[in-house]
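Shown next: structure32.pdb, given as PDB, C-alpha atoms and all ligand atoms.
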```pdb
ATOM      1  CA  MET A 269    -144.502  56.376 218.423
ATOM      2  CA  SER A 270    -147.142  54.990 220.779
ATOM      3  CA  ASP A 271    -145.498  51.544 220.860
ATOM      4  CA  MET A 272    -142.182  53.123 221.648
ATOM      5  CA  LEU A 273    -143.674  55.022 224.550
ATOM      6  CA  SER A 274    -145.845  52.315 226.063
ATOM      7  CA  GLN A 275    -143.681  50.550 228.598
ATOM      8  CA  SER A 276    -145.470  47.746 230.371
ATOM      9  CA  LEU A 277    -143.350  47.906 233.535
ATOM     10  CA  PRO A 278    -142.783  51.191 235.333
ATOM     11  CA  LYS A 279    -139.083  51.820 235.953
ATOM     12  CA  HIS A 280    -139.769  54.057 238.923
ATOM     13  CA  VAL A 281    -142.715  53.568 241.277
ATOM     14  CA  ALA A 282    -143.379  56.236 243.914
ATOM     15  CA  ILE A 283    -145.771  55.565 246.789
ATOM     16  CA  ILE A 284    -147.605  57.809 249.224
ATOM     17  CA  MET A 285    -148.142  55.368 252.081
ATOM     18  CA  ASP A 286    -151.369  56.670 253.577
ATOM     19  CA  GLY A 287    -153.933  55.289 256.002
ATOM     20  CA  ASN A 288    -151.917  53.953 258.946
ATOM     21  CA  GLY A 289    -153.977  55.956 261.435
ATOM     22  CA  ARG A 290    -157.324  54.866 259.986
ATOM     23  CA  TRP A 291    -156.163  51.251 259.903
ATOM     24  CA  ALA A 292    -155.300  51.436 263.601
ATOM     25  CA  ARG A 293    -158.633  53.061 264.428
ATOM     26  CA  GLN A 294    -160.535  50.377 262.511
ATOM     27  CA  GLN A 295    -158.681  47.737 264.513
ATOM     28  CA  GLY A 296    -159.310  49.537 267.806
ATOM     29  CA  LYS A 297    -155.540  49.988 268.246
ATOM     30  CA  PRO A 298    -153.420  53.051 269.073
ATOM     31  CA  ARG A 299    -152.040  55.016 266.091
ATOM     32  CA  TRP A 300    -148.480  53.799 266.631
ATOM     33  CA  ARG A 301    -149.632  50.264 265.894
ATOM     34  CA  GLY A 302    -150.785  51.541 262.506
ATOM     35  CA  HIS A 303    -147.334  52.961 261.777
ATOM     36  CA  GLN A 304    -145.725  49.731 262.928
ATOM     37  CA  ALA A 305    -147.965  47.755 260.575
ATOM     38  CA  GLY A 306    -147.153  50.358 257.897
ATOM     39  CA  ALA A 307    -143.448  49.655 258.314
ATOM     40  CA  ASP A 308    -144.126  45.926 257.842
ATOM     41  CA  ALA A 309    -146.097  46.706 254.691
ATOM     42  CA  ALA A 310    -143.165  48.785 253.408
ATOM     43  CA  GLY A 311    -140.879  45.755 253.848
ATOM     44  CA  LYS A 312    -143.267  43.570 251.827
ATOM     45  CA  ILE A 313    -143.553  46.090 249.014
ATOM     46  CA  ILE A 314    -139.765  46.545 248.830
ATOM     47  CA  GLN A 315    -139.519  42.782 248.280
ATOM     48  CA  ALA A 316    -142.336  42.883 245.713
ATOM     49  CA  ALA A 317    -140.540  45.665 243.821
ATOM     50  CA  ILE A 318    -137.362  43.549 243.777
ATOM     51  CA  ASP A 319    -139.310  40.517 242.567
ATOM     52  CA  GLN A 320    -140.990  42.536 239.815
ATOM     53  CA  HIS A 321    -137.662  44.052 238.664
ATOM     54  CA  VAL A 322    -138.732  47.615 239.275
ATOM     55  CA  ASP A 323    -135.605  49.850 239.053
ATOM     56  CA  VAL A 324    -136.562  52.526 241.573
ATOM     57  CA  LEU A 325    -139.027  52.531 244.475
ATOM     58  CA  SER A 326    -139.688  55.786 246.318
ATOM     59  CA  LEU A 327    -141.557  55.742 249.613
ATOM     60  CA  PHE A 328    -142.933  58.938 251.163
ATOM     61  CA  ALA A 329    -142.302  58.169 254.835
ATOM     62  CA  PHE A 330    -142.425  61.586 256.491
ATOM     63  CA  SER A 331    -143.482  64.838 254.881
ATOM     64  CA  SER A 332    -142.339  68.334 255.863
ATOM     65  CA  GLU A 333    -145.905  68.830 257.134
ATOM     66  CA  ASN A 334    -145.813  65.777 259.436
ATOM     67  CA  TRP A 335    -143.943  67.795 262.118
ATOM     68  CA  CYS A 336    -147.360  69.345 262.921
ATOM     69  CA  ARG A 337    -148.586  66.034 264.356
ATOM     70  CA  PRO A 338    -148.699  65.592 268.133
ATOM     71  CA  GLU A 339    -145.216  65.337 269.642
ATOM     72  CA  GLU A 340    -145.855  61.794 270.802
ATOM     73  CA  GLU A 341    -146.609  60.621 267.251
ATOM     74  CA  VAL A 342    -143.625  62.467 265.729
ATOM     75  CA  ASN A 343    -141.379  60.887 268.381
ATOM     76  CA  TYR A 344    -142.751  57.454 267.577
ATOM     77  CA  LEU A 345    -142.166  57.942 263.824
ATOM     78  CA  MET A 346    -138.571  59.044 264.551
ATOM     79  CA  LYS A 347    -138.046  56.006 266.766
ATOM     80  CA  LEU A 348    -139.448  53.777 264.043
ATOM     81  CA  LEU A 349    -137.178  55.336 261.430
ATOM     82  CA  LEU A 350    -134.137  54.832 263.652
ATOM     83  CA  HIS A 351    -135.192  51.268 264.428
ATOM     84  CA  MET A 352    -135.584  50.503 260.714
ATOM     85  CA  LEU A 353    -132.186  52.001 259.932
ATOM     86  CA  LYS A 354    -130.607  49.914 262.682
ATOM     87  CA  THR A 355    -132.321  46.636 261.844
ATOM     88  CA  GLN A 356    -133.255  46.620 258.142
ATOM     89  CA  VAL A 357    -130.248  48.084 256.374
ATOM     90  CA  LYS A 358    -128.096  44.925 256.537
ATOM     91  CA  GLU A 359    -130.993  42.993 255.049
ATOM     92  CA  LEU A 360    -131.415  45.548 252.254
ATOM     93  CA  HIS A 361    -127.671  45.379 251.580
ATOM     94  CA  LYS A 362    -127.852  41.588 251.270
ATOM     95  CA  LYS A 363    -130.622  42.067 248.732
ATOM     96  CA  ASN A 364    -128.337  44.352 246.677
ATOM     97  CA  VAL A 365    -130.610  47.360 247.354
ATOM     98  CA  ALA A 366    -129.118  50.862 247.145
ATOM     99  CA  LEU A 367    -130.742  53.102 249.756
ATOM    100  CA  TYR A 368    -131.011  56.835 249.385
ATOM    101  CA  VAL A 369    -132.735  59.127 251.864
ATOM    102  CA  ALA A 370    -134.246  62.239 250.267
ATOM    103  CA  GLY A 371    -135.280  65.299 252.220
ATOM    104  CA  ASP A 372    -134.172  68.096 254.500
ATOM    105  CA  LEU A 373    -132.189  66.278 257.176
ATOM    106  CA  SER A 374    -131.313  69.442 259.093
ATOM    107  CA  GLN A 375    -134.103  68.853 261.624
ATOM    108  CA  PHE A 376    -133.166  65.259 262.408
ATOM    109  CA  SER A 377    -131.084  64.158 265.376
ATOM    110  CA  ALA A 378    -127.350  63.641 264.876
ATOM    111  CA  GLN A 379    -127.916  59.967 265.639
ATOM    112  CA  ILE A 380    -130.463  59.528 262.840
ATOM    113  CA  CYS A 381    -128.280  61.508 260.384
ATOM    114  CA  ALA A 382    -125.286  59.324 261.214
ATOM    115  CA  HIS A 383    -127.287  56.141 260.605
ATOM    116  CA  ILE A 384    -128.610  57.516 257.308
ATOM    117  CA  LYS A 385    -125.081  58.371 256.120
ATOM    118  CA  LYS A 386    -123.809  54.951 257.185
ATOM    119  CA  ALA A 387    -126.668  53.147 255.415
ATOM    120  CA  GLU A 388    -126.180  55.140 252.215
ATOM    121  CA  ALA A 389    -122.419  54.568 252.256
ATOM    122  CA  LEU A 390    -122.861  50.832 252.840
ATOM    123  CA  THR A 391    -125.322  50.355 249.989
ATOM    124  CA  CYS A 392    -124.374  53.012 247.418
ATOM    125  CA  ALA A 393    -122.495  50.615 245.129
ATOM    126  CA  ASN A 394    -125.350  48.093 245.056
ATOM    127  CA  THR A 395    -126.782  47.430 241.629
ATOM    128  CA  GLY A 396    -130.262  46.132 242.468
ATOM    129  CA  LEU A 397    -133.353  48.115 243.425
ATOM    130  CA  LYS A 398    -132.785  51.803 244.159
ATOM    131  CA  LEU A 399    -134.842  52.523 247.258
ATOM    132  CA  ILE A 400    -135.580  56.159 247.977
ATOM    133  CA  VAL A 401    -137.059  56.936 251.360
ATOM    134  CA  ALA A 402    -138.384  60.495 251.466
ATOM    135  CA  VAL A 403    -138.221  61.925 254.982
ATOM    136  CA  ASN A 404    -138.916  65.538 255.899
ATOM    137  CA  TYR A 405    -139.385  65.895 252.187
ATOM    138  CA  GLY A 406    -141.630  68.400 250.461
ATOM    139  CA  GLY A 407    -141.854  68.982 246.725
ATOM    140  CA  GLN A 408    -141.958  72.742 247.244
ATOM    141  CA  TRP A 409    -138.904  72.585 249.515
ATOM    142  CA  ASP A 410    -137.078  70.606 246.812
ATOM    143  CA  ILE A 411    -137.869  73.203 244.134
ATOM    144  CA  VAL A 412    -136.880  76.091 246.423
ATOM    145  CA  GLN A 413    -133.556  74.518 247.430
ATOM    146  CA  ALA A 414    -132.767  73.926 243.739
ATOM    147  CA  ALA A 415    -133.699  77.543 242.877
ATOM    148  CA  GLN A 416    -131.535  78.874 245.713
ATOM    149  CA  ARG A 417    -128.502  76.895 244.627
ATOM    150  CA  ILE A 418    -128.952  77.917 240.996
ATOM    151  CA  ALA A 419    -129.442  81.584 241.971
ATOM    152  CA  GLU A 420    -126.211  81.448 243.967
ATOM    153  CA  GLN A 421    -124.338  80.044 240.972
ATOM    154  CA  VAL A 422    -125.772  82.718 238.677
ATOM    155  CA  ALA A 423    -124.862  85.418 241.212
ATOM    156  CA  THR A 424    -121.288  84.173 241.442
ATOM    157  CA  GLY A 425    -120.970  83.794 237.677
ATOM    158  CA  VAL A 426    -120.652  79.998 237.646
ATOM    159  CA  LEU A 427    -123.840  79.805 235.554
ATOM    160  CA  THR A 428    -125.409  82.259 233.132
ATOM    161  CA  LEU A 429    -129.154  82.873 233.153
ATOM    162  CA  ASP A 430    -129.663  81.363 229.706
ATOM    163  CA  GLN A 431    -128.123  78.088 230.870
ATOM    164  CA  VAL A 432    -131.034  77.663 233.279
ATOM    165  CA  ASP A 433    -133.576  75.416 231.580
ATOM    166  CA  GLU A 434    -135.672  72.395 232.623
ATOM    167  CA  LYS A 435    -132.785  69.979 232.146
ATOM    168  CA  LEU A 436    -130.391  72.000 234.282
ATOM    169  CA  PHE A 437    -133.045  72.679 236.926
ATOM    170  CA  SER A 438    -133.706  68.923 237.249
ATOM    171  CA  GLN A 439    -130.046  68.390 238.075
ATOM    172  CA  TYR A 440    -130.384  70.513 241.211
ATOM    173  CA  LEU A 441    -133.341  68.572 242.620
ATOM    174  CA  VAL A 442    -132.689  65.843 245.170
ATOM    175  CA  LEU A 443    -133.203  62.969 242.704
ATOM    176  CA  SER A 444    -130.959  64.545 240.082
ATOM    177  CA  ASN A 445    -129.472  61.306 238.820
ATOM    178  CA  ILE A 446    -132.624  59.187 239.006
ATOM    179  CA  SER A 447    -135.324  58.809 236.363
ATOM    180  CA  HIS A 448    -138.601  60.432 237.342
ATOM    181  CA  PRO A 449    -141.494  58.279 238.626
ATOM    182  CA  ASP A 450    -143.563  56.557 235.950
ATOM    183  CA  LEU A 451    -146.248  55.500 238.403
ATOM    184  CA  LEU A 452    -147.475  57.153 241.600
ATOM    185  CA  ILE A 453    -149.531  55.023 243.964
ATOM    186  CA  ARG A 454    -151.463  56.540 246.846
ATOM    187  CA  THR A 455    -153.306  54.326 249.282
ATOM    188  CA  SER A 456    -156.281  55.024 251.569
ATOM    189  CA  GLY A 457    -158.605  56.616 249.023
ATOM    190  CA  GLU A 458    -157.168  60.135 249.176
ATOM    191  CA  GLN A 459    -156.582  61.557 245.703
ATOM    192  CA  ARG A 460    -153.880  64.177 246.244
ATOM    193  CA  ILE A 461    -150.168  64.599 245.613
ATOM    194  CA  SER A 462    -149.701  66.250 249.054
ATOM    195  CA  ASN A 463    -146.454  68.034 248.208
ATOM    196  CA  PHE A 464    -144.623  64.834 247.199
ATOM    197  CA  PHE A 465    -142.375  64.968 244.111
ATOM    198  CA  LEU A 466    -144.066  67.961 242.423
ATOM    199  CA  TRP A 467    -141.558  68.470 239.622
ATOM    200  CA  GLN A 468    -140.723  64.802 239.157
ATOM    201  CA  LEU A 469    -144.361  63.649 238.874
ATOM    202  CA  ALA A 470    -145.035  65.842 235.827
ATOM    203  CA  TYR A 471    -145.776  62.866 233.547
ATOM    204  CA  ALA A 472    -146.402  60.091 236.074
ATOM    205  CA  GLU A 473    -149.472  57.908 235.849
ATOM    206  CA  LEU A 474    -151.522  58.327 239.013
ATOM    207  CA  TYR A 475    -153.067  55.321 240.736
ATOM    208  CA  PHE A 476    -155.331  55.661 243.745
ATOM    209  CA  THR A 477    -156.595  52.750 245.797
ATOM    210  CA  PRO A 478    -158.909  52.699 248.822
ATOM    211  CA  ILE A 479    -156.717  50.064 250.516
ATOM    212  CA  LEU A 480    -155.176  51.390 253.739
ATOM    213  CA  TRP A 481    -151.357  51.241 253.638
ATOM    214  CA  PRO A 482    -150.881  48.456 256.245
ATOM    215  CA  ASP A 483    -153.161  46.237 254.103
ATOM    216  CA  PHE A 484    -151.373  47.062 250.842
ATOM    217  CA  ASP A 485    -149.669  43.799 249.890
ATOM    218  CA  GLU A 486    -147.895  42.134 246.949
ATOM    219  CA  LYS A 487    -151.238  41.404 245.273
ATOM    220  CA  ALA A 488    -152.334  45.027 245.528
ATOM    221  CA  PHE A 489    -148.931  46.150 244.197
ATOM    222  CA  GLN A 490    -149.268  43.778 241.252
ATOM    223  CA  LYS A 491    -152.744  45.163 240.543
ATOM    224  CA  ALA A 492    -151.291  48.672 240.352
ATOM    225  CA  LEU A 493    -148.558  47.467 237.956
ATOM    226  CA  ASP A 494    -151.206  45.726 235.816
ATOM    227  CA  GLU A 495    -153.261  48.913 235.674
ATOM    228  CA  TYR A 496    -150.139  50.857 234.682
ATOM    229  CA  ALA A 497    -149.476  48.382 231.847
ATOM    230  CA  LYS A 498    -152.905  49.230 230.415
ATOM    231  CA  ARG A 499    -152.298  52.973 230.443
ATOM    232  CA  HIS A 500    -151.192  54.709 227.290
ATOM    233  CA  ARG A 501    -148.597  57.373 228.010
ATOM    234  CA  ARG A 502    -148.344  60.252 225.591
ATOM    235  CA  PHE A 503    -146.055  62.732 227.377
ATOM    236  CA  GLY A 504    -148.057  65.575 225.866
ATOM    237  CA  GLY A 505    -147.724  64.107 222.366
ATOM    238  CA  ARG A 506    -150.476  62.827 220.051
ATOM    239  CA  MET A 507    -152.097  59.396 220.067
TER     240      MET A 507
HETATM  241  C1  LIG A 601    -149.567  57.961 256.723
HETATM  242  O1  LIG A 601    -150.562  57.445 257.547
HETATM  243  C2  LIG A 601    -148.251  57.491 257.077
HETATM  244  C3  LIG A 601    -147.253  58.227 257.654
HETATM  245  C4  LIG A 601    -147.337  59.651 257.977
HETATM  246  C5  LIG A 601    -145.983  57.638 258.028
HETATM  247  C6  LIG A 601    -145.483  56.606 257.069
HETATM  248  C7  LIG A 601    -144.578  55.711 257.799
HETATM  249  C8  LIG A 601    -144.552  54.384 257.649
HETATM  250  C9  LIG A 601    -145.370  53.656 256.679
HETATM  251  C10 LIG A 601    -143.658  53.573 258.464
HETATM  252  C11 LIG A 601    -142.218  53.815 258.207
HETATM  253  C12 LIG A 601    -141.751  53.359 256.880
HETATM  254  C13 LIG A 601    -140.521  53.644 256.379
HETATM  255  C14 LIG A 601    -140.137  53.131 255.030
HETATM  256  C15 LIG A 601    -139.508  54.457 257.134
HETATM  257  P1  LIG A 601    -151.435  58.456 258.397
HETATM  258  O2  LIG A 601    -150.904  58.473 259.775
HETATM  259  O3  LIG A 601    -151.478  59.777 257.717
HETATM  260  O4  LIG A 601    -152.830  57.747 258.340
HETATM  261  P2  LIG A 601    -154.265  58.447 258.430
HETATM  262  O5  LIG A 601    -154.355  59.383 257.272
HETATM  263  O6  LIG A 601    -155.192  57.277 258.310
HETATM  264  O7  LIG A 601    -154.344  59.118 259.775
END
```
Is it possible to give me this structure as structure tokens?
Amino acid sequence: MSDMLSQSLPKHVAIIMDGNGRWARQQGKPRWRGHQAGADAAGKIIQAAIDQHVDVLSLFAFSSENWCRPEEEVNYLMKLLLHMLKTQVKELHKKNVALYVAGDLSQFSAQICAHIKKAEALTCANTGLKLIVAVNYGGQWDIVQAAQRIAEQVATGVLTLDQVDEKLFSQYLVLSNISHPDLLIRTSGEQRISNFFLWQLAYAELYFTPILWPDFDEKAFQKALDEYAKRHRRFGGRM
């Protein structure tokens, strides 16, 4: 059983890209320069994931809690997101990447929503890397929106209560048709999940590195994959 379960390459890698602000401070630069460097790092790691034949890469770009940051920083992150949608999507399409944006888009501008829809429509038939960018995403939000939709279906008789189990619940979460992360990487030395994929990370291997996100490169990504290959996953079963 253990051989069957030990997969040397994670199918789905999820990353909490943390440390942009500290990187900027260390360099004596304003915070926005850290986010800009963070966006460059994201580009490099997308390429590394393609090169390593990872199936799914999820990047936590903006959490539900990030709205609490100073207005100037939130505005910069929105501008950066829009800029990336405008400039990077063609490139991703050429690389056969399918882009999916996960999160509560109701608070985003109509312009950003339109670009997201366009990018998803352009790339949805691509068969290469599935790239999930989580924006205004929160694991608790995801679970609540699933519960609300299920409750509505039970109330209207579309579902019965005994049909509601883990498998059905999973289908109402935002990544319903995507395998759950095998490996979670968090940079910058923090060792928390911070309301990222709470349900979906149930059996993920966790990997924490002190490297600040803008310095996280192909070599660091490979090191995380190597560490994953050494882990022995049991999914609650016996050795
Ligand atoms: C965490 O650093 C990073 C963010 C809140 C934003 C992440 C955004 C990017 C990496 C750029 C955009 C990328 C994509 C794919 C859209 P922090 O500001 O919390 O750093 P700190 O903890 O050192 O202050």
Surrounding residues as a VMD selection string, ligand LIG 601 (chain A), max 6 Å, all atoms listed in the file
chain A and resid 285 to 290 303 306 to 307 310 329 to 330 349
Can you tell me, as a PyMOL selection string, what residues are no more than 8 Å from range 385-400 of chain A when counting all atoms listed in the file, ignoring any on the same chain fewer than 4 positions away?
chain A and resi 314+317-318+321-327+353+357+361+363-370+381
Using 6 Å of padding on each side, determine the axis-aligned box around all atoms of range 352-369 of chain A present in the file and give its centre and edge lengths in Å to one decimal, as lines of an AutoDock Vina configuration file.
```
center_x = -131.6
center_y = 50.4
center_z = 254.7
size_x = 19.9
size_y = 29.5
size_z = 28.0
```
List, as number ranges by chain, every residue that the PyMOL selection byres (((chain A and resi 312) around 12) and not hetatm) selects in the file provided.
A: 305-311, 313-319, 481-489
With only C-alpha atoms as the counted atoms, please give the residues lying no more than 12 Å from Lys347 in chain A, apart from itself and same-chain residues fewer than 6 positions off, as an MDAnalysis selection string.
chainID A and resid 300 303:304 307 340:341 353:354 376:377 379:380
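Each of A:Val432, A:Asp410, A:Glu473, A:Pro478 was compared to Glu495 in chain A using all atoms listed in the file, and A:Glu473 turns out to be the nearest.
CA of Tyr471 in chain A is positioned 6.2 Å from CA of Phe503 in chain A.
When CA of Tyr475 in chain A is paired with CA of Asn445 in chain A, their separation reads 24.4 Å.
For the pair CA of Glu458 in chain A and CA of Thr477 in chain A, the separation is 8.1 Å.
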Pull out every residue that the PyMOL selection byres (((chain A and resi 452) around 12) and not hetatm) matches in the shown coordinates and put them as a VMD selection string.
chain A and resid 278 to 285 324 to 328 448 to 451 453 to 455 459 to 462 464 to 466 468 to 477 489 492 to 493 495 to 496
Explicit residue set for the PyMOL selection byres (((chain A and resi 333-339) around 9) and not hetatm), as number ranges by chain:
A: 330-332, 340-344, 404-406, 463
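In this comparison, which uses all atoms listed in the file, the residue of A:Gly302, A:Ile479, A:Gln439, A:Ile446 approaching Leu345 in chain A most closely is A:Gly302.
Once Phe437 in chain A and its same-chain neighbours fewer than 2 positions away are set aside, Ile411, Ala414, Ala415, Ile418, Val432, Asp433, Glu434, Lys435, Gln439, Tyr440, Leu441 and Ser444 of chain A remain within 9 Å of it when counting only C-alpha atoms.
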